[in-house]
Number of protein chains: 2
Amino acid sequence: MTEMKDSITIEQGSGGSAMMALISELVLKKITRRGTGGVTLADLDDSGSVVVGDMEVVLTTDAHTVKPLFFPGGDIGALAASGTLNDISVMGVRPLALSSSLVIEEGFPGSDLSRILGSMNGVLDEVGADLITGDTKVLERGDVDGLIITTAGIGVCRAGSTIRDSGLGDGDRIIISGTVGDHGITILSVREGFDLQLKTGSDVGPVWGIVSSALDVGGVTAMKDPTRGGLANALNEMAEKSGLGIEIDEEAIPVREDVRSASEILGVDPYSITNEGKVVIAVDDGLADRVLEAVRGTARGREAAIIGTVVASHPGEVVMKTVVGGRRLMEAPVGDPAPRIC
Amino acid sequence: MTEMKDSITIEQGSGGSAMMALISELVLKKITRRGTGGVTLADLDDSGSVVVGDMEVVLTTDAHTVKPLFFPGGDIGALAASGTLNDISVMGVRPLALSSSLVIEEGFPGSDLSRILGSMNGVLDEVGADLITGDTKVLERGDVDGLIITTAGIGVCRAGSTIRDSGLGDGDRIIISGTVGDHGITILSVREGFDLQLKTGSDVGPVWGIVSSALDVGGVTAMKDPTRGGLANALNEMAEKSGLGIEIDEEAIPVREDVRSASEILGVDPYSITNEGKVVIAVDDGLADRVLEAVRGTARGREAAIIGTVVASHPGEVVMKTVVGGRRLMEAPVGDPAPRIC
């Protein structure tokens with residue numbers, strides 16, 4: 001864990017252990033009204049929730065600060081809609097509606113904003129959710145770099161039926177819904193100005209289709225979308241919160257060949273960087289093959305794979321059997337390697 | 001109405017007619033998934049909503065970009081919590097929970113962040129709502145000026161029971177819950193570096209106490225919190241959406257003496273600038289005195305006043321009987337006089 005300094009650092013906003021330290025040492029010390037009954041702020045899950053009678057309302061939010069705003073495979077609009085809809089989806093809840101708050105730098109091109117809003121609408125269409133409210137602020141030149149979009153989202157389910165990132169059971173199988181590292185490596189490649197010949201670009205997109213196909217089969221015990229800090233961070237959080245260990249078979253982790261090459265050139269671990277259209281699904285052993293098949297039958301889940309197993313030994317630790325036959329700890333990164341990846 | 005240019009302007013983010021033009025000419029053209037059944041994006045009310053069975057879930061959001069972050073009477077934390085809780089409250093719905101998304105400039109003092117979070121918690125405590133989820137992003141120096149806090153909020157009510165800003169009825173009385181202009185004039189005074197000897201500062205705070213006391217009496221037909229664009233903008237929106245006119249008695253509008261003096265020095269109309277702890281309440285004529293009495297009995301509503309009446313003549317127009325005995329149109333401002341008031 002990283003010690004909290006008085007000045008906020010880039011690392012503290014990058015989704016890994018430094019951010020967790022900031023939240024526990026500062027946010028949770030000051031915010032005593034964290035919710036009760038549902039998923040609370042202290043749970044630090046993908047969403048929070050409030051129980052109202054026999055229903056539970058799920059709420060989540062994310063600020064999107066990606067740079068550049070347009071990148072291979074998507075833009076900040078697709079990201080802002082997908083990111084928040086996905087955080088509802090991984091609670092096992094159908095996303096119903098979004099809010100969108102735009103903070104725009106004076107002089108920003110209206111045509112770019114129009115294109116970005118079109119991308120948001122495309123994602124909403126795919127999921128069948130609606131943008132029902134918003135806010136617009138324009139700041140003077142230099143007060144914000146371009147555009148920040150903060151979305152919040154809601155979903156409703158039967159009280160107590162959310163799927164938590166802490167729900168792992170001994171013997172569960174771990175499924176990843178597709179290749180990892182695509183979004184983060186794409187953004188870094190573009191930003192570094194390398195022509196890394198990435199073939200496809202970011203994976204940004206909604207995971208609700210994948211999630212709902214898995215839920216239809218049943219046996220899902222825990223889910224998380226491996227955004228900031230990547231697969232490594234998601235698995236570590238799930239293991240730690242569940243008080244169980246995870247064994248991962250590196251050979252089974254799907255990584256695009258072009259992403260692997262680019263990550264080597266960039267010196268960045270593809271397991272520790274943001275994905276924006278993937279989900280980690282833990283499933284009862286007996287149903288894992290059927291869930292895998294269902295996920296592979298969806299448009300965004302064709303490259304899904306079973307990559308590991310939950311174990312009672314080494315609680316809170318993720319151990320990876322490497323491609324060369326060794327075993328090593330897959331640690332949660334301190335944070336994403338650079339700011340503004342998402 | 002202001003024409004949409006290709007480059008986004010400060011005016012388009014300042015809550016008046018220029019922003020309405022931006023939203024209708026750009027946002028509503030691209031976002032076709034706006035919701036159905038509840039309060040939709042196209043309604044441009046203080047919140048949106050989704051109907052689920054016999055319940056309605058209300059969602060709202062605001063980005064808070066105020067400068068300076070600390071000001072007489074409050075700070076960005078009190079503002080971020082109050083602003084969003086108030087947008088739920090004026091739908092006639094008890095606010096249940098907030099999300100908070102922090103975008104922080106690298107190097108921001110942790111002690112300031114701590115103080116700001118403490119202010120948010122104080123507002124949550126007053127209302128009895130919880131902060132259940134959040135997000136933290138840290139941007140490199142120069143990519144954002146200090147701190148932006150975007151909050152979203154939810155509430156739940158019986159389906160169809162929200163109170164809309166379009167609900168005015170002919171003959172309704174218009175109540176303002178207290179003095180106007182306090183927040184906006186405070187921020188401008190501090191920013192201009194004038195020692196304007198303001199006695200109290202911003203009115204930032206939650207209005208749920210005021211709203212619930214009014215709802216307990218009954219007869220409330222429409223509500224709106226007069227934030228950006230101030231009282232003038234709120235009244236014009238209510239009149240326009242309801243297809244009715246409003247007659248305002250200027251002498252009845254409560255304005256603090258120090259705010260009036262400062263607004264004259266600044267050359268800013270106190271009726272056209274942001275309030276952050278006030279609510280405009282329209283009430284059936286027969287219950288107006290009782291609602292006024294109830295509102296005056298609350299801690300934040302002691303200076304409430306009946307300031308006007310809804311009329312069938314001049315639909316969509318707000319006409320003010322001035323203190324000198326004349327009559328003039330109280331127009332919706334193009335926008336707040338400067339960015340980053342809230």
# chains A, B, ... in the order shown; residues from 1 in each chain; ligands from 1
>>> select_by_dssp(residues="region 116-333 of chain A", states="helix (DSSP H, G or I)", output="number ranges by chain")
A: 116-127, 182-192, 208-217, 230-242, 250-252, 257-266, 270-272, 285-296
>>> closest_atom_pairs(of="chain A", to="chain B", cutoff="7 Å", atoms="only C-alpha atoms", output="Markdown table")
| residue | atom | partner | partner_atom | distance |
| --- | --- | --- | --- | --- |
| A:Asp6 | CA | B:Gly110 | CA | 4.6 |
| A:Ser7 | CA | B:Pro109 | CA | 4.5 |
| A:Ile8 | CA | B:Gly107 | CA | 5.0 |
| A:Thr9 | CA | B:Glu106 | CA | 5.2 |
| A:Ile10 | CA | B:Val138 | CA | 5.3 |
| A:Gln12 | CA | B:Val138 | CA | 6.9 |
| A:Gly13 | CA | B:Lys137 | CA | 4.4 |
| A:Ser14 | CA | B:Lys137 | CA | 6.7 |
| A:Leu26 | CA | B:Ser114 | CA | 6.3 |
| A:Val27 | CA | B:Leu117 | CA | 6.9 |
| A:Lys30 | CA | B:Gly118 | CA | 5.2 |
| A:Ile31 | CA | B:Asn121 | CA | 5.4 |
| A:Thr32 | CA | B:Asn121 | CA | 6.8 |
| A:Arg33 | CA | B:Asp130 | CA | 4.8 |
| A:Arg34 | CA | B:Leu131 | CA | 5.0 |
| A:Gly35 | CA | B:Asp130 | CA | 5.0 |
| A:Thr40 | CA | B:Ile132 | CA | 5.0 |
| A:Leu41 | CA | B:Ile132 | CA | 4.3 |
| A:Ser47 | CA | B:Thr133 | CA | 6.0 |
| A:Gly48 | CA | B:Ile132 | CA | 5.0 |
| A:Ser49 | CA | B:Ile132 | CA | 6.8 |
| A:Thr60 | CA | B:Thr133 | CA | 6.1 |
| A:Thr61 | CA | B:Gly134 | CA | 6.1 |
| A:Asp62 | CA | B:Asp135 | CA | 5.5 |
| A:Ala63 | CA | B:Ser101 | CA | 6.1 |
| A:Ser99 | CA | B:Thr61 | CA | 6.3 |
| A:Ser101 | CA | B:Ala63 | CA | 6.1 |
| A:Glu106 | CA | B:Thr9 | CA | 5.2 |
| A:Gly107 | CA | B:Ser7 | CA | 4.6 |
| A:Phe108 | CA | B:Ile8 | CA | 5.3 |
| A:Pro109 | CA | B:Ser7 | CA | 4.5 |
| A:Gly110 | CA | B:Asp6 | CA | 4.6 |
| A:Ser111 | CA | B:Asp6 | CA | 6.5 |
| A:Ser114 | CA | B:Leu26 | CA | 6.3 |
| A:Leu117 | CA | B:Lys30 | CA | 5.9 |
| A:Gly118 | CA | B:Lys30 | CA | 5.3 |
| A:Asn121 | CA | B:Ile31 | CA | 5.4 |
| A:Leu124 | CA | B:Arg33 | CA | 6.8 |
| A:Asp125 | CA | B:Arg33 | CA | 7.0 |
| A:Asp130 | CA | B:Arg33 | CA | 4.8 |
| A:Leu131 | CA | B:Arg34 | CA | 5.0 |
| A:Ile132 | CA | B:Leu41 | CA | 4.3 |
| A:Thr133 | CA | B:Leu41 | CA | 5.0 |
| A:Gly134 | CA | B:Thr61 | CA | 6.1 |
| A:Asp135 | CA | B:Asp62 | CA | 5.5 |
| A:Thr136 | CA | B:Gly13 | CA | 5.5 |
| A:Lys137 | CA | B:Gly13 | CA | 4.4 |
| A:Val138 | CA | B:Gly13 | CA | 4.5 |
| A:Leu139 | CA | B:Pro339 | CA | 6.2 |
| A:Glu140 | CA | B:Ile10 | CA | 6.8 |
| A:Asp143 | CA | B:Asp145 | CA | 5.0 |
| A:Val144 | CA | B:Val144 | CA | 4.3 |
| A:Asp145 | CA | B:Asp143 | CA | 5.0 |
| A:Thr150 | CA | B:Thr150 | CA | 6.9 |
| A:Ala152 | CA | B:Ala152 | CA | 6.3 |
| A:Pro339 | CA | B:Leu139 | CA | 6.2 |
| A:Arg340 | CA | B:Leu139 | CA | 6.9 |
>>> write_last_selection(atoms="C-alpha atoms", output="PDB file, in the first residue's frame")
ATOM      1  CA  ASP A   6      -0.846  15.688   1.574  1.00  0.00           C
ATOM      2  CA  SER A   7      -0.805  16.435  -2.153  1.00  0.00           C
ATOM      3  CA  ILE A   8      -2.896  14.184  -4.362  1.00  0.00           C
ATOM      4  CA  THR A   9      -0.792  12.253  -6.880  1.00  0.00           C
ATOM      5  CA  ILE A  10      -1.537  10.798 -10.304  1.00  0.00           C
ATOM      6  CA  GLN A  12      -3.991   7.915  -6.423  1.00  0.00           C
ATOM      7  CA  GLY A  13      -6.423   8.305  -9.293  1.00  0.00           C
ATOM      8  CA  SER A  14      -5.381   5.323 -11.329  1.00  0.00           C
ATOM      9  CA  LEU A  26      -9.416  10.043   3.313  1.00  0.00           C
ATOM     10  CA  VAL A  27     -12.848   9.435   1.792  1.00  0.00           C
ATOM     11  CA  LYS A  30     -14.899  11.869   6.279  1.00  0.00           C
ATOM     12  CA  ILE A  31     -17.996  10.236   4.796  1.00  0.00           C
ATOM     13  CA  THR A  32     -19.870   8.564   7.630  1.00  0.00           C
ATOM     14  CA  ARG A  33     -23.192   8.486   5.731  1.00  0.00           C
ATOM     15  CA  ARG A  34     -22.255   5.548   3.469  1.00  0.00           C
ATOM     16  CA  GLY A  35     -25.569   3.734   3.200  1.00  0.00           C
ATOM     17  CA  THR A  40     -22.589   0.698   0.717  1.00  0.00           C
ATOM     18  CA  LEU A  41     -19.745   3.074  -0.086  1.00  0.00           C
ATOM     19  CA  SER A  47     -22.063   0.144  -7.812  1.00  0.00           C
ATOM     20  CA  GLY A  48     -23.825   1.094  -4.592  1.00  0.00           C
ATOM     21  CA  SER A  49     -27.473   0.368  -3.835  1.00  0.00           C
ATOM     22  CA  THR A  60     -23.037   3.947 -10.075  1.00  0.00           C
ATOM     23  CA  THR A  61     -20.917   6.750 -11.536  1.00  0.00           C
ATOM     24  CA  ASP A  62     -17.707   7.331 -13.468  1.00  0.00           C
ATOM     25  CA  ALA A  63     -15.895  10.405 -14.730  1.00  0.00           C
ATOM     26  CA  SER A  99     -27.459  10.695 -16.547  1.00  0.00           C
ATOM     27  CA  SER A 101     -22.845  15.606 -17.120  1.00  0.00           C
ATOM     28  CA  GLU A 106     -14.813  26.989 -24.231  1.00  0.00           C
ATOM     29  CA  GLY A 107     -14.201  26.725 -27.983  1.00  0.00           C
ATOM     30  CA  PHE A 108     -14.723  22.959 -28.152  1.00  0.00           C
ATOM     31  CA  PRO A 109     -16.010  22.017 -31.635  1.00  0.00           C
ATOM     32  CA  GLY A 110     -19.773  21.506 -31.703  1.00  0.00           C
ATOM     33  CA  SER A 111     -19.340  18.932 -34.484  1.00  0.00           C
ATOM     34  CA  SER A 114     -22.341  15.966 -31.826  1.00  0.00           C
ATOM     35  CA  LEU A 117     -23.320  12.213 -28.350  1.00  0.00           C
ATOM     36  CA  GLY A 118     -24.100   9.984 -31.337  1.00  0.00           C
ATOM     37  CA  ASN A 121     -26.748   6.973 -28.247  1.00  0.00           C
ATOM     38  CA  LEU A 124     -27.739   3.076 -25.253  1.00  0.00           C
ATOM     39  CA  ASP A 125     -29.482   1.531 -28.258  1.00  0.00           C
ATOM     40  CA  ASP A 130     -32.106   5.645 -21.919  1.00  0.00           C
ATOM     41  CA  LEU A 131     -30.345   8.925 -21.187  1.00  0.00           C
ATOM     42  CA  ILE A 132     -32.961  10.678 -19.049  1.00  0.00           C
ATOM     43  CA  THR A 133     -31.210  13.680 -17.541  1.00  0.00           C
ATOM     44  CA  GLY A 134     -28.040  15.718 -17.848  1.00  0.00           C
ATOM     45  CA  ASP A 135     -26.067  18.821 -17.056  1.00  0.00           C
ATOM     46  CA  THR A 136     -23.835  21.098 -19.143  1.00  0.00           C
ATOM     47  CA  LYS A 137     -21.080  23.350 -17.864  1.00  0.00           C
ATOM     48  CA  VAL A 138     -18.698  25.337 -20.081  1.00  0.00           C
ATOM     49  CA  LEU A 139     -15.371  26.415 -18.536  1.00  0.00           C
ATOM     50  CA  GLU A 140     -13.019  29.097 -19.761  1.00  0.00           C
ATOM     51  CA  ASP A 143      -9.677  25.471 -16.987  1.00  0.00           C
ATOM     52  CA  VAL A 144     -10.318  21.982 -18.398  1.00  0.00           C
ATOM     53  CA  ASP A 145      -8.623  20.136 -21.242  1.00  0.00           C
ATOM     54  CA  THR A 150     -19.392  12.036 -16.058  1.00  0.00           C
ATOM     55  CA  ALA A 152     -24.273   7.932 -13.584  1.00  0.00           C
ATOM     56  CA  PRO A 339      -3.520   9.093 -16.400  1.00  0.00           C
ATOM     57  CA  ARG A 340      -6.476   9.601 -18.726  1.00  0.00           C
TER      58      ARG A 340
END
>>> residues_around(residues="His183 (chain A)", least_positions_apart="6", cutoff="6 Å", atoms="only C-alpha atoms", output="list of chain:residue names")
A:Ser202, A:Asp203, A:Asn275
>>> closest_residue(among="B:Ser166, B:Ser213, B:Thr179, B:Ser24", to="Glu293 (chain B)", atoms="only C-alpha atoms")
B:Ser213
>>> closest_residue(among="A:Asp225, A:Val310, A:Gly205, A:Leu198", to="Leu79 (chain A)", atoms="only C-alpha atoms")
A:Gly205
>>> select_by_dssp(residues="region 47-154 of chain A", states="strand (DSSP E)", output="ChimeraX atom specification")
/A:48-52,55-64,70-71,74-75,95-105,130-139,147-154
>>> residues_around(residues="Asp269 (chain A)", least_positions_apart="4", cutoff="9 Å", atoms="only C-alpha atoms", output="PyMOL selection string")
chain A and resi 181+260+263-264+273
>>> closest_residue(among="A:Val66, A:Ala81, A:Ala21, A:Val127", to="Gly209 (chain A)", atoms="only C-alpha atoms")
A:Val127
>>> residues_around(residues="Val283 (chain A)", least_positions_apart="3", cutoff="7 Å", atoms="only C-alpha atoms", output="JSON, numbers by chain")
{"A": [172, 173, 174, 219, 220, 221, 287, 288]}
>>> closest_residue(among="A:Met223, A:Ala332, A:Ala18, A:Ile246", to="Asp87 (chain A)", atoms="only C-alpha atoms")
A:Met223
>>> atom_distance(atom1="CA of Leu147 (chain B)", atom2="CA of Ala78 (chain B)")
13.8 Å
>>> atom_distance(atom1="CA of Gly193 (chain A)", atom2="CA of Ile76 (chain A)")
19.0 Å
>>> closest_residue(among="A:Gly160, A:Gly184, A:Gly277, A:Pro315", to="Glu56 (chain A)", atoms="only C-alpha atoms")
A:Gly160
